[in-house]
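Engineer: This is the content of target.cif (mmCIF, C-alpha atoms):
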data_protein
#
loop_
_atom_site.label_atom_id
_atom_site.label_comp_id
_atom_site.auth_asym_id
_atom_site.auth_seq_id
_atom_site.Cartn_x
_atom_site.Cartn_y
_atom_site.Cartn_z
CA MET A 845 67.03 21.07 57.70
CA ASN A 846 64.60 20.79 60.60
CA LEU A 847 61.84 18.34 59.67
CA LYS A 848 59.93 19.34 62.81
CA ALA A 849 58.89 22.47 60.89
CA LEU A 850 56.37 20.12 59.24
CA PHE A 851 54.64 19.82 62.65
CA TYR A 852 53.34 23.35 62.07
CA LEU A 853 51.19 22.15 59.19
CA SER A 854 47.61 21.50 60.28
CA TYR A 855 46.53 17.88 60.48
CA GLY A 856 43.59 16.07 61.97
CA LEU A 857 43.55 12.63 63.49
CA TYR A 858 41.10 10.29 61.80
CA LEU A 859 40.06 6.66 61.67
CA VAL A 860 39.99 5.28 58.15
CA GLY A 861 37.77 2.27 57.50
CA SER A 862 38.44 -0.05 54.57
CA ARG A 863 36.92 -3.10 52.94
CA SER A 864 37.79 -5.62 50.28
CA GLY A 865 35.42 -8.56 49.91
CA ASP A 866 34.64 -9.77 53.44
CA ARG A 867 37.83 -8.26 54.92
CA LEU A 868 37.30 -5.14 57.07
CA ASN A 869 39.87 -2.95 58.78
CA GLY A 870 40.46 0.41 60.35
CA GLN A 871 43.55 2.53 60.95
CA THR A 872 44.52 5.98 62.14
CA ALA A 873 45.50 8.60 59.58
CA ASN A 874 46.36 12.27 59.77
CA SER A 875 46.62 13.19 56.10
CA VAL A 876 43.01 13.61 54.96
CA PHE A 877 41.78 16.65 53.07
CA GLN A 878 39.07 17.87 50.71
CA VAL A 879 40.33 18.16 47.15
CA THR A 880 37.37 19.50 45.14
CA THR A 881 33.79 20.66 45.53
CA ILE A 882 32.32 19.50 42.20
CA PRO A 883 32.47 16.61 42.37
CA ALA A 884 33.04 16.43 46.13
CA ASN A 885 36.37 14.61 46.31
CA PHE A 886 38.73 14.06 49.22
CA ALA A 887 42.19 12.54 49.58
CA VAL A 888 43.70 10.15 52.11
CA ALA A 889 47.39 9.21 52.36
CA ILE A 890 48.00 5.58 53.43
CA ASN A 891 51.38 3.89 53.94
CA LYS A 892 52.00 1.10 51.42
CA LYS A 893 53.02 -1.29 54.24
CA ASN A 894 49.63 -1.04 55.97
CA TYR A 895 46.95 -3.70 55.65
CA SER A 896 44.42 -0.91 55.00
CA HIS A 897 46.44 0.07 51.93
CA ASP A 898 45.88 -3.39 50.46
CA LEU A 899 42.16 -3.30 51.23
CA ILE A 900 41.65 0.19 49.79
CA SER A 901 43.69 -0.68 46.68
CA ASP A 902 41.60 -3.82 46.12
CA GLY A 903 38.17 -2.71 47.35
CA LYS A 904 38.26 0.90 46.08
CA VAL A 905 36.20 2.17 49.05
CA LEU A 906 37.00 3.90 52.33
CA THR A 907 35.49 5.86 55.18
CA VAL A 908 36.93 8.58 57.39
CA SER A 909 35.68 9.07 60.95
CA VAL A 910 36.56 12.42 62.54
CA MET A 911 37.59 11.71 66.14
CA SER A 912 36.73 13.97 69.07
CA GLN A 913 39.34 15.38 71.46
CA ASP A 914 38.07 13.09 74.22
CA THR A 915 39.11 9.95 72.33
CA PRO A 916 41.27 7.87 74.71
CA LEU A 917 44.86 7.07 73.72
CA SER A 918 44.12 3.35 74.11
CA PHE A 919 41.36 3.59 71.49
CA ILE A 920 43.63 5.47 69.08
CA GLY A 921 46.44 2.97 69.77
CA ASN A 922 44.20 0.05 68.82
CA PHE A 923 43.95 1.50 65.31
CA GLY A 924 47.45 2.99 65.06
CA PHE A 925 49.88 0.54 66.60
CA LYS A 926 48.48 -2.87 65.60
CA SER A 927 48.14 -4.52 62.24
CA GLY A 928 44.81 -5.70 60.90
CA ARG A 929 46.72 -8.63 59.43
CA ASP A 930 47.20 -9.94 62.98
CA THR A 931 44.16 -8.73 64.90
CA ASP A 932 40.52 -7.76 64.38
CA LYS A 933 40.72 -4.04 65.17
CA LEU A 934 36.93 -3.70 64.98
CA LYS A 935 36.24 -6.30 67.69
CA GLY A 936 34.41 -4.58 70.53
CA VAL A 937 34.20 -1.31 68.56
CA ASN A 938 30.89 0.34 67.72
CA PHE A 939 30.72 0.64 63.92
CA LYS A 940 28.29 0.37 61.04
CA LEU A 941 28.70 -0.50 57.39
CA GLY A 942 28.24 2.48 55.11
CA GLN A 943 26.75 2.70 51.63
CA THR A 944 29.98 1.23 50.22
CA GLN A 945 29.91 -1.51 52.88
CA ALA A 946 33.15 -0.14 54.37
CA PRO A 947 33.12 0.23 58.18
CA ILE A 948 32.34 3.59 59.74
CA ILE A 949 33.74 3.76 63.29
CA LEU A 950 31.13 5.39 65.53
CA ASP A 951 32.88 5.46 68.92
CA TYR A 952 34.26 8.97 69.67
CA THR A 953 33.25 10.12 66.17
CA LEU A 954 31.97 13.63 65.48
CA ALA A 955 31.36 13.18 61.75
CA TYR A 956 32.20 10.82 58.94
CA ILE A 957 32.73 10.86 55.20
CA GLU A 958 32.58 7.90 52.88
CA GLY A 959 33.88 7.52 49.37
CA LYS A 960 34.65 5.43 46.33
CA VAL A 961 38.25 5.63 45.11
CA VAL A 962 38.40 7.33 41.72
CA ASN A 963 42.16 7.76 41.46
CA GLN A 964 45.36 7.02 43.31
CA MET A 965 48.89 8.34 43.14
CA ASP A 966 52.16 6.81 44.27
CA VAL A 967 53.87 9.41 46.48
CA GLY A 968 56.81 7.36 47.80
CA SER A 969 56.18 5.57 51.10
CA HIS A 970 52.45 6.31 50.77
CA THR A 971 49.68 6.19 48.21
CA LEU A 972 47.38 9.17 47.94
CA PHE A 973 43.87 7.82 47.39
CA ILE A 974 41.37 10.25 45.83
CA ALA A 975 37.78 9.34 46.64
CA GLU A 976 34.47 10.74 45.48
CA LEU A 977 32.13 11.46 48.38
CA VAL A 978 29.13 9.12 48.48
CA ASP A 979 27.88 9.82 52.01
CA SER A 980 28.62 11.96 55.04
CA ALA A 981 27.01 12.85 58.34
CA ILE A 982 27.55 14.85 61.50
CA LEU A 983 26.97 12.58 64.49
CA LYS A 984 27.51 15.03 67.35
CA ASP A 985 28.98 18.39 68.24
CA GLY A 986 32.44 18.66 69.74
CA GLU A 987 36.04 19.58 69.10
CA PRO A 988 37.81 17.45 66.51
CA MET A 989 41.12 15.84 67.46
CA ILE A 990 43.85 17.72 65.67
CA TYR A 991 47.27 16.18 65.41
CA ALA A 992 48.97 18.90 67.48
CA TYR A 993 46.50 18.26 70.34
CA TYR A 994 47.16 14.51 70.12
CA ARG A 995 50.93 15.01 70.16
CA ASN A 996 51.27 17.93 72.61
CA ILE A 997 48.33 17.58 75.04
CA LYS A 998 47.61 13.85 75.00
CA ARG A 999 51.31 13.04 74.49
CA GLY A 1000 50.43 10.49 71.81
CA ALA A 1001 53.15 8.65 69.91
CA THR A 1002 53.58 8.58 66.14
CA PRO A 1003 53.72 5.20 64.38
CA LYS A 1004 56.72 4.66 62.11
CA VAL A 1005 54.40 4.27 59.11
CA ALA A 1006 52.75 7.69 59.64
CA PRO A 1007 53.65 10.45 57.16
CA THR A 1008 54.53 12.68 60.13
CA TYR A 1009 56.96 10.21 61.75
CA ILE A 1010 60.45 11.64 62.29
CA GLU A 1011 63.18 9.35 63.50
CA GLU A 1012 64.94 10.84 66.50
CA ALA A 1013 68.73 11.25 66.22
CA LYS A 1014 70.63 8.64 68.22
#
Can you give me the file's structure in the form of structure tokens?
Structural biologist:
Amino acid sequence: MNLKALFYLSYGLYLVGSRSGDRLNGQTANSVFQVTTIPANFAVAINKKNYSHDLISDGKVLTVSVMSQDTPLSFIGNFGFKSGRDTDKLKGVNFKLGQTQAPIILDYTLAYIEGKVVNQMDVGSHTLFIAELVDSAILKDGEPMIYAYYRNIKRGATPKVAPTYIEEAK
């Protein structure tokens, strides 16, 4: 079996904002998709080990910022290779609080969606959070960062907690 066949599935690269009480966080994610039109629901897969998972499970709100292709690797790395348990990932980042009071990352963002969690499903290493859309906006025109562009053109790495991580044979 060649797990790299999964690389041919289309993914984006997004920043997911989360909140529980006064705790805010953000993380990268590539598994975000629209589920239904009426009501407008979308899904986000988050690794159970991530701090964002705890915040989304507790706070029941999240945001998704669609990153542009010109997003620097260092910016992506801040959200993908550090834990919000140990560092304030939003320090020095341009963001606003949305209608749900979850952070919406504005730097390098083309559009955002915001939702309230209405359901969640255990899918092994990750939880699939289903959220009902409460707000969305297009901030600027541009090309969204797709995962293949991040991996092949920018030569970005994949965190071990990402659903697309494949351990290389030793």
Engineer: Identify, on the basis of all atoms listed in the file, every residue whose closest approach to A:Thr944 does not exceed 8 Å; exclude the query and any residue fewer than 4 positions from it along the same chain; express the result as an MDAnalysis selection string.
Structural biologist: chainID A and resid 905:906 958:960
Engineer: Hey, could you make a per-residue contact list for stretch 924-972 of chain A against stretch 869-887 of chain A with 8 Å as the cut-off, showing the nearest pair of atoms and its distance in Å to one decimal, counting all atoms listed in the file, sorted by chain and number, as a tab-separated table?
Structural biologist:
residue	atom	partner	partner_atom	distance
A:Gly924	CA	A:Thr872	CA	5.1
A:Gly928	CA	A:Asn869	CA	6.0
A:Asp932	CA	A:Asn869	CA	7.4
A:Lys933	CA	A:Asn869	CA	6.5
A:Leu934	CA	A:Asn869	CA	6.9
A:Pro947	CA	A:Asn869	CA	7.5
A:Leu972	CA	A:Ala887	CA	6.4
Engineer: Neighbours of A:Leu853 within 10 Å (only C-alpha atoms; same-chain residues fewer than 3 positions away dropped), as an MDAnalysis selection string?
Structural biologist: chainID A and resid 848:850 991:992
Engineer: Evaluated on this file, the PyMOL selection byres ((chain A and resi 993) around 12) picks out some residues - which ones are they, written as a list in words?
Structural biologist: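 Selection result, ordered by chain and number: Phe851, Tyr852, Ser854, Tyr855, Gly856, Leu857, Met911, Ser912, Gln913, Asp914, Thr915, Leu917, Glu987, Pro988, Met989, Ile990, Tyr991, Ala992, Tyr994, Arg995, Asn996, Ile997, Lys998, Arg999, Gly1000 and Ala1001 of chain A.
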Engineer: Hey, which of A:Val967, A:Leu941, A:Leu859, A:Val910 ends up closest to A:Ala981? Count only C-alpha atoms.
Structural biologist: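 Looking at the shortest contact to A:Ala981, the residue is A:Val910.
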Engineer: Take the PyMOL selection byres ((chain A and resi 949-954) around 7), apply it to the structure above, and return the hits as a PyMOL selection string.
Structural biologist: chain A and resi 909-912+915+937-940+947-948+955+982-986
Engineer: If you count only C-alpha atoms, which residues fall within 7 Å of stretch 896-899 of chain A, apart from same-chain ones fewer than 4 positions away, as a list of chain:residue names?
Structural biologist: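 Contacts, with the query itself left out: A:Ser862, A:Arg863, A:Ser864, A:Asn869, A:Gly870, A:Gln871, A:Ile890, A:Asn891, A:Lys892, A:Gly903.
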Engineer: To one decimal place, how far is atom CA of A:His970 from atom CA of A:Ala889 in Å?
Structural biologist: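 Separation of atom CA of A:His970 and atom CA of A:Ala889: 6.0 Å.
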Engineer: Could you check which of A:Gln964, A:Lys935, A:Tyr895, A:Thr907 is closest to A:Val978, using only C-alpha atoms?
Structural biologist: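 Comparing A:Gln964, A:Lys935, A:Tyr895, A:Thr907 against A:Val978, the winner is A:Thr907.
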Engineer: What would stretch 957-999 of chain A look like if you wrote it out as a short mmCIF file (atom, residue, chain, number, x, y, z; two decimals), in the first residue's frame, with N, CA and C atoms included, from the block I just posted?
Structural biologist:
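The resulting file, result11.cif, is shown below:
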data_model
loop_
_atom_site.label_atom_id
_atom_site.label_comp_id
_atom_site.auth_asym_id
_atom_site.auth_seq_id
_atom_site.Cartn_x
_atom_site.Cartn_y
_atom_site.Cartn_z
N ILE A 957 -14.19 31.82 7.70
CA ILE A 957 -15.49 31.32 8.11
C ILE A 957 -15.44 31.12 9.62
N GLU A 958 -16.58 31.25 10.23
CA GLU A 958 -16.67 31.14 11.68
C GLU A 958 -17.89 30.30 12.03
N GLY A 959 -17.76 29.44 13.03
CA GLY A 959 -18.88 28.59 13.35
C GLY A 959 -18.99 28.18 14.81
N LYS A 960 -20.17 27.69 15.13
CA LYS A 960 -20.46 27.09 16.43
C LYS A 960 -20.55 25.59 16.22
N VAL A 961 -19.85 24.83 17.04
CA VAL A 961 -19.82 23.37 16.92
C VAL A 961 -21.21 22.82 17.26
N VAL A 962 -21.75 22.03 16.33
CA VAL A 962 -23.07 21.42 16.53
C VAL A 962 -22.97 19.91 16.68
N ASN A 963 -21.81 19.35 16.34
CA ASN A 963 -21.62 17.92 16.47
C ASN A 963 -20.12 17.62 16.38
N GLN A 964 -19.73 16.49 16.87
CA GLN A 964 -18.35 16.05 16.73
C GLN A 964 -18.31 14.54 16.70
N MET A 965 -17.30 14.03 15.97
CA MET A 965 -17.19 12.59 15.79
C MET A 965 -15.74 12.17 16.02
N ASP A 966 -15.57 11.13 16.82
CA ASP A 966 -14.26 10.54 17.04
C ASP A 966 -13.89 9.74 15.80
N VAL A 967 -12.76 10.11 15.16
CA VAL A 967 -12.33 9.40 13.95
C VAL A 967 -10.91 8.85 14.12
N GLY A 968 -10.59 8.40 15.33
CA GLY A 968 -9.26 7.83 15.60
C GLY A 968 -8.35 8.86 16.22
N SER A 969 -7.26 9.21 15.53
CA SER A 969 -6.31 10.19 16.07
C SER A 969 -6.90 11.59 16.12
N HIS A 970 -7.95 11.84 15.36
CA HIS A 970 -8.56 13.16 15.24
C HIS A 970 -10.03 13.13 15.66
N THR A 971 -10.54 14.32 15.92
CA THR A 971 -11.98 14.52 16.07
C THR A 971 -12.42 15.36 14.89
N LEU A 972 -13.53 14.98 14.29
CA LEU A 972 -14.13 15.76 13.22
C LEU A 972 -15.20 16.64 13.86
N PHE A 973 -14.93 17.94 13.88
CA PHE A 973 -15.87 18.91 14.44
C PHE A 973 -16.77 19.43 13.32
N ILE A 974 -18.07 19.35 13.51
CA ILE A 974 -19.04 19.90 12.56
C ILE A 974 -19.54 21.22 13.15
N ALA A 975 -19.42 22.28 12.38
CA ALA A 975 -19.81 23.60 12.88
C ALA A 975 -20.83 24.24 11.95
N GLU A 976 -21.78 24.94 12.54
CA GLU A 976 -22.74 25.71 11.76
C GLU A 976 -22.17 27.10 11.53
N LEU A 977 -22.19 27.54 10.30
CA LEU A 977 -21.64 28.83 9.91
C LEU A 977 -22.42 29.96 10.58
N VAL A 978 -21.69 30.85 11.26
CA VAL A 978 -22.33 32.03 11.86
C VAL A 978 -21.83 33.32 11.23
N ASP A 979 -20.67 33.28 10.56
CA ASP A 979 -20.17 34.46 9.88
C ASP A 979 -19.11 34.03 8.88
N SER A 980 -18.93 34.86 7.86
CA SER A 980 -17.89 34.62 6.86
C SER A 980 -17.65 35.91 6.11
N ALA A 981 -16.47 36.05 5.54
CA ALA A 981 -16.15 37.24 4.76
C ALA A 981 -14.99 36.94 3.83
N ILE A 982 -14.97 37.64 2.71
CA ILE A 982 -13.82 37.65 1.82
C ILE A 982 -13.05 38.93 2.12
N LEU A 983 -11.76 38.79 2.46
CA LEU A 983 -10.95 39.94 2.85
C LEU A 983 -10.17 40.52 1.67
N LYS A 984 -9.74 39.65 0.76
CA LYS A 984 -9.00 40.13 -0.42
C LYS A 984 -8.94 39.03 -1.46
N ASP A 985 -8.67 39.43 -2.69
CA ASP A 985 -8.51 38.47 -3.77
C ASP A 985 -7.12 37.85 -3.71
N GLY A 986 -6.98 36.67 -4.26
CA GLY A 986 -5.69 36.01 -4.31
C GLY A 986 -5.87 34.51 -4.48
N GLU A 987 -4.76 33.83 -4.58
CA GLU A 987 -4.77 32.37 -4.70
C GLU A 987 -4.67 31.74 -3.32
N PRO A 988 -5.60 30.86 -2.98
CA PRO A 988 -5.49 30.19 -1.68
C PRO A 988 -4.34 29.20 -1.66
N MET A 989 -3.77 29.03 -0.48
CA MET A 989 -2.69 28.05 -0.29
C MET A 989 -3.32 26.66 -0.28
N ILE A 990 -2.97 25.86 -1.27
CA ILE A 990 -3.41 24.48 -1.23
C ILE A 990 -2.25 23.64 -0.70
N TYR A 991 -2.58 22.51 -0.15
CA TYR A 991 -1.57 21.71 0.53
C TYR A 991 -0.46 21.25 -0.42
N ALA A 992 -0.81 20.91 -1.66
CA ALA A 992 0.20 20.48 -2.63
C ALA A 992 1.19 21.62 -2.91
N TYR A 993 0.72 22.85 -2.99
CA TYR A 993 1.59 24.01 -3.20
C TYR A 993 2.53 24.18 -2.01
N TYR A 994 1.98 24.07 -0.81
CA TYR A 994 2.77 24.17 0.42
C TYR A 994 3.87 23.11 0.44
N ARG A 995 3.52 21.88 0.11
CA ARG A 995 4.46 20.77 0.19
C ARG A 995 5.47 20.78 -0.98
N ASN A 996 4.99 21.01 -2.21
CA ASN A 996 5.85 20.86 -3.38
C ASN A 996 6.58 22.13 -3.79
N ILE A 997 5.95 23.29 -3.67
CA ILE A 997 6.57 24.54 -4.10
C ILE A 997 7.30 25.22 -2.94
N LYS A 998 6.63 25.35 -1.82
CA LYS A 998 7.24 25.99 -0.66
C LYS A 998 8.15 25.05 0.12
N ARG A 999 8.01 23.74 -0.15
CA ARG A 999 8.80 22.71 0.53
C ARG A 999 8.54 22.71 2.04
#
